[in-house]
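**Student:** Handing you this structure, nothing more for now.
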Amino acid sequence: MFDDQILHDLKNPLAGITGSVGLFLEGLLGPLDEDQKKQLENIELSAKKLTLFLKELSVVGCAENGQLTVGKTAFRAAELVPELDWIKRLAAKEEKSIALGIDEKLSLSADRELTALVLQDLLHNAVRQTERGGRAGLTVTDKKKDGLLFELVSNGSSSFPSEQLAHVFEKDFRTKHQELKMMTSPGAGFYFCKLAVEAQGGQIGIESRPGLTRLFFRLPAG
Amino acid sequence: MKILIADDEDIVRTSLDGILKKGGDYETDFAFDGEEAVKKIGSTFYDAVLLDLDMPKISGYDVLAKAREIHPDLPVIFLTGKADARKVAESIAKEHLSGFIEKPFTPEDVLDVVSKAIKVRRV
């Protein structure tokens with residue numbers, strides 16, 4: 001993967017973009033007309049995507065070098081919802097919606113940042129798979145001794161061939177299967193998700209048929 | 001209130017300058033490397049310091065240690081793009097690091113961490 005220093009170096013120009021664009025969007029530099037706001041939001045969402053990809057690559061690099069630090073704490077799954085806000089806005093721009101089903105009381109024992117990145121990645125992918133006008137979904141349910149089950153569903157017409165399902169979390173799957181590029185998360189995507197979930201003692205899986213792709217992962221309850 | 005922004009990247013300094021001035025009505029000052037940051041901390045009163053970790057001449061960690069010798073209660077906030085979690089935790093425990101802002105940041109992130117750090121000093 002990439003040298004971690006290169007990834008770090010990319011965060012400085014990104015900080016310049018997110019900080020300065022944020023100044024405009026939060027109204028600190030005066031009122032914006034609708035066109036200006038629309039274009040600035042586009043820059044902001046692009047920076048959010050880039051940030052996600054960079055963080056994923058950084059985690060993959062650390063995991064592959066045996067240097068991934070997992071800081072487990074107990075927190076409520078609902079606390080992660082604000083970190084999905086940018087994906088909701090992205091979905092709305094594409095005339096799609098997201099249904100969230102997360103019980104306020106459910107808590108887990110996990111690395112908060114890693115879990116938030118996995119959720120952002122998989123929800124972003126679920127939105128990409130969803131047809132215009134359709135709805136992607138995220139639910140979290142308590143499976144008692146099996147921990148919390150996070151499920152992400154999309155209703156796109158495409159699906160993974162059944163013989164490929166066992167391989168979608170492999171590192172080079174996206175590169176090897178260009179024909180399925182639109183079905184997999186950009187960047188380190190699914191490979192990152194597998195590393196991040198398993199580093200926390202969880203499991204990840206996928207089911208796919210025309211009209212419904214379901215990605216799921218389990219993490220210990222808090 | 002006056003904040004020192006110590007970062008060797010102009011784009012980061014410019015962005016933080018705008019956020020602090022427009023979003024929090026703070027006065028700002030700049031240091032372009034760790035050595036200049038230490039000098040300015042020694043010669044000027046600041047309400048808080050935003051400190052990049054990877055700076056020329058003296059690293060953010062070492063600037064923090066020197067700042068503590070000069071002003072034990074000065075709020076110091078790390079700007080991190082590639083934080084070593086163990087070293088940041090050590091800085092919080094040993095050098096009373098006030099907080100950290102992860103790059104890339106939003107104005108909300110910056111203003112929230114800075115106002116909390118300044119409030120703690122005042123209490």
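Ordered as shown in the structure tokens, chains take letters A, B, and onward, while each chain numbers its residues from 1 and ligands are numbered from 1 in the order shown.
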Contacts between chain A and chain B, please, where a residue of chain B counts if it comes within 6 Å (with only C-alpha atoms); show its shortest atom pair and distance in Å to one decimal, rows by chain and ascending number, as a tab-separated table.
**Tutor:**
```
residue	atom	partner	partner_atom	distance
B:Ile11	CA	A:Gly16	CA	5.2
B:Val12	CA	A:Gly16	CA	5.1
B:Ser15	CA	A:Ser20	CA	5.2
B:Lys22	CA	A:Leu28	CA	5.8
B:Gly81	CA	A:His8	CA	5.4
B:Lys82	CA	A:His8	CA	5.5
B:Lys103	CA	A:Ala15	CA	5.4
B:Pro104	CA	A:Ala15	CA	3.8
B:Phe105	CA	A:Ala15	CA	5.6
B:Thr106	CA	A:Gly19	CA	4.9
B:Pro107	CA	A:Gly19	CA	5.7
```
**Student:** Store the residues picked out above, limited to N, CA and C atoms, as an mmCIF file, in the first residue's frame.
**Tutor:**
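Writing done, so here's part_33.cif:
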```
data_model
loop_
_atom_site.group_PDB
_atom_site.id
_atom_site.type_symbol
_atom_site.label_atom_id
_atom_site.label_comp_id
_atom_site.auth_asym_id
_atom_site.auth_seq_id
_atom_site.Cartn_x
_atom_site.Cartn_y
_atom_site.Cartn_z
ATOM 1 N N ILE B 11 -1.092 26.777 3.763
ATOM 2 C CA ILE B 11 -2.529 26.550 3.540
ATOM 3 C C ILE B 11 -3.251 26.202 4.842
ATOM 4 N N VAL B 12 -2.548 25.521 5.732
ATOM 5 C CA VAL B 12 -3.156 25.174 7.025
ATOM 6 C C VAL B 12 -3.250 26.419 7.903
ATOM 7 N N SER B 15 -6.054 28.729 6.656
ATOM 8 C CA SER B 15 -7.377 28.195 6.964
ATOM 9 C C SER B 15 -7.707 28.391 8.450
ATOM 10 N N LYS B 22 -12.785 34.679 12.135
ATOM 11 C CA LYS B 22 -14.192 34.861 11.754
ATOM 12 C C LYS B 22 -15.152 34.082 12.645
ATOM 13 N N GLY B 81 -2.056 14.918 11.758
ATOM 14 C CA GLY B 81 -2.509 14.228 10.550
ATOM 15 C C GLY B 81 -2.192 12.765 10.685
ATOM 16 N N LYS B 82 -1.132 12.472 11.401
ATOM 17 C CA LYS B 82 -0.665 11.091 11.547
ATOM 18 C C LYS B 82 -0.241 10.907 12.995
ATOM 19 N N LYS B 103 -6.401 16.485 11.342
ATOM 20 C CA LYS B 103 -6.513 16.982 9.969
ATOM 21 C C LYS B 103 -7.086 15.883 9.092
ATOM 22 N N PRO B 104 -7.914 16.179 8.145
ATOM 23 C CA PRO B 104 -8.505 17.481 7.858
ATOM 24 C C PRO B 104 -9.585 17.832 8.884
ATOM 25 N N PHE B 105 -9.765 19.136 9.131
ATOM 26 C CA PHE B 105 -10.697 19.588 10.158
ATOM 27 C C PHE B 105 -11.770 20.480 9.554
ATOM 28 N N THR B 106 -12.809 20.703 10.329
ATOM 29 C CA THR B 106 -13.847 21.666 9.931
ATOM 30 C C THR B 106 -13.762 22.849 10.901
ATOM 31 N N PRO B 107 -14.339 23.999 10.557
ATOM 32 C CA PRO B 107 -14.348 25.116 11.507
ATOM 33 C C PRO B 107 -14.952 24.719 12.853
#
```
**Student:** Find the spatial neighbours of Ile41 (chain B), counting only C-alpha atoms, within a cut-off of 10 Å - ignore same-chain residues fewer than 6 positions away - and output them as a PyMOL selection string.
**Tutor:** chain B and resi 4+31+48-49+63+66-68+70-71+74
**Student:** Taking the DSSP secondary structure from the backbone, can you list the residues of region 9-117 of chain A that are strand (DSSP E or B), as an MDAnalysis selection string?
**Tutor:** chainID A and resid 72:76 97:102 107:111
**Student:** From the list A:Thr184, A:Ser109, A:Thr130, A:Gln178, which residue is nearest Ala92 (chain A) when using only C-alpha atoms?
**Tutor:** A:Thr130
**Student:** Quick one: everything within 8 Å of Val60 (chain A), counting only C-alpha atoms, minus sequence neighbours fewer than 4 positions away in the same chain. Send it as a list of chain:residue names.
**Tutor:** A:Met1, A:Glu56, A:Glu64, A:Ala188, A:Phe192, A:Leu195
**Student:** Show me, as a PyMOL selection string, the residues that have an atom within 7 Å of region 96-100 of chain A when counting only C-alpha atoms, minus same-chain residues fewer than 2 positions from it.
**Tutor:** chain A and resi 88+91-92+94+102+132-139
**Student:** What's around Leu97 (chain B) at 10 Å? Count only C-alpha atoms, leave out sequence neighbours fewer than 2 positions away in its own chain, and write the answer as a ChimeraX atom specification.
**Tutor:** /B:61,64-65,68,73-78,88-95,99-100,117
**Student:** Could you write those residues out with N, CA and C atoms, as a CSV table (one decimal), in the first residue's frame?
**Tutor:**
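The result, written out as again.csv:
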```csv
chain,number,residue,atom,x,y,z
B,61,TYR,N,6.1,17.7,19.7
B,61,TYR,CA,6.2,17.0,21.0
B,61,TYR,C,7.3,17.8,21.8
B,64,LEU,N,6.1,21.3,22.9
B,64,LEU,CA,5.2,21.1,24.0
B,64,LEU,C,6.0,21.0,25.3
B,65,ALA,N,7.0,20.2,25.3
B,65,ALA,CA,7.8,20.0,26.5
B,65,ALA,C,8.5,21.3,26.9
B,68,ARG,N,5.9,23.8,28.4
B,68,ARG,CA,5.6,23.5,29.8
B,68,ARG,C,6.6,24.1,30.8
B,73,ASP,N,0.6,26.2,32.6
B,73,ASP,CA,-0.8,26.1,32.4
B,73,ASP,C,-1.3,26.6,31.0
B,74,LEU,N,-0.4,26.8,30.1
B,74,LEU,CA,-0.8,27.3,28.7
B,74,LEU,C,-1.5,26.2,28.0
B,75,PRO,N,-2.7,26.5,27.5
B,75,PRO,CA,-3.5,25.5,26.7
B,75,PRO,C,-2.8,25.2,25.4
B,76,VAL,N,-2.3,24.0,25.2
B,76,VAL,CA,-1.7,23.6,23.9
B,76,VAL,C,-2.5,22.5,23.3
B,77,ILE,N,-2.7,22.7,22.0
B,77,ILE,CA,-3.6,21.7,21.2
B,77,ILE,C,-2.7,21.2,20.0
B,78,PHE,N,-2.6,19.9,19.9
B,78,PHE,CA,-1.9,19.4,18.8
B,78,PHE,C,-2.8,19.4,17.5
B,88,VAL,N,0.6,10.6,21.8
B,88,VAL,CA,-0.3,11.6,22.1
B,88,VAL,C,-0.9,11.4,23.5
B,89,ALA,N,-1.1,10.1,23.8
B,89,ALA,CA,-1.6,9.8,25.2
B,89,ALA,C,-0.6,10.1,26.2
B,90,GLU,N,0.7,9.9,25.9
B,90,GLU,CA,1.8,10.3,26.8
B,90,GLU,C,1.8,11.8,27.0
B,91,SER,N,1.6,12.5,25.9
B,91,SER,CA,1.7,14.0,26.0
B,91,SER,C,0.5,14.5,26.9
B,92,ILE,N,-0.7,13.8,26.8
B,92,ILE,CA,-1.8,14.3,27.6
B,92,ILE,C,-1.5,14.1,29.0
B,93,ALA,N,-0.9,12.9,29.3
B,93,ALA,CA,-0.7,12.5,30.7
B,93,ALA,C,0.5,13.3,31.3
B,94,LYS,N,1.6,13.3,30.6
B,94,LYS,CA,2.9,13.9,31.1
B,94,LYS,C,2.9,15.4,31.0
B,95,GLU,N,2.5,15.9,29.8
B,95,GLU,CA,2.7,17.4,29.6
B,95,GLU,C,1.4,18.1,29.6
B,99,GLY,N,-5.6,19.2,24.2
B,99,GLY,CA,-6.5,18.5,23.2
B,99,GLY,C,-5.8,18.3,21.9
B,100,PHE,N,-6.5,17.7,20.9
B,100,PHE,CA,-5.9,17.6,19.6
B,100,PHE,C,-7.0,17.8,18.5
B,117,ALA,N,-10.5,24.3,25.5
B,117,ALA,CA,-9.1,24.3,26.1
B,117,ALA,C,-9.0,25.7,26.9
```
**Student:** Would you please give, as a ChimeraX atom specification, all residues of region 39-112 of chain A that DSSP assigns to helix (DSSP H, G or I) based on the backbone?
**Tutor:** /A:39-64,77-93,112
**Student:** Which value, in Å to one decimal, gives the distance between CA of Leu123 (chain A) and CA of Ile87 (chain A)?
**Tutor:**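 Going from CA of Leu123 (chain A) over to CA of Ile87 (chain A) covers 7.4 Å.
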**Student:** CA of Leu117 (chain A) and CA of Pro161 (chain A), how far apart in Å?
**Tutor:**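 Going from CA of Pro161 (chain A) over to CA of Leu117 (chain A), I get 26.5 Å.
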**Student:** For Val168 (chain A), which residue among A:Ala199, A:Leu80, A:Ile204, A:Leu149 is the nearest when counting only C-alpha atoms?
**Tutor:**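 Among the listed residues, A:Ile204 lies closest to Val168 (chain A).
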**Student:** Could you work out how far CA of Asp111 (chain A) lies from CA of Asp172 (chain A), giving the answer in Å with one decimal?
**Tutor:**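 So the answer is 25.5 Å.
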**Student:** Could you pull the residues within 9 Å of Lys40 (chain B), counting only C-alpha atoms, minus those fewer than 4 positions along the same chain, as number ranges by chain?
**Tutor:** B: 4, 30-31, 35-36, 44-45
**Student:** Kindly indicate which residue among B:Asp33, B:Asp112, B:Asp54, B:Glu102 lies nearest to Leu20 (chain B), using only C-alpha atoms for the distances.
**Tutor:**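 Smallest separation from Leu20 (chain B) among the options: B:Asp112.
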**Student:** Point out the residue among B:Val38, B:Ile101, B:Ile5, B:Val120 with the least atom-to-atom distance to Leu50 (chain B), counting only C-alpha atoms.
**Tutor:**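 The shortest atom-to-atom distance to Leu50 (chain B) comes from B:Ile5.
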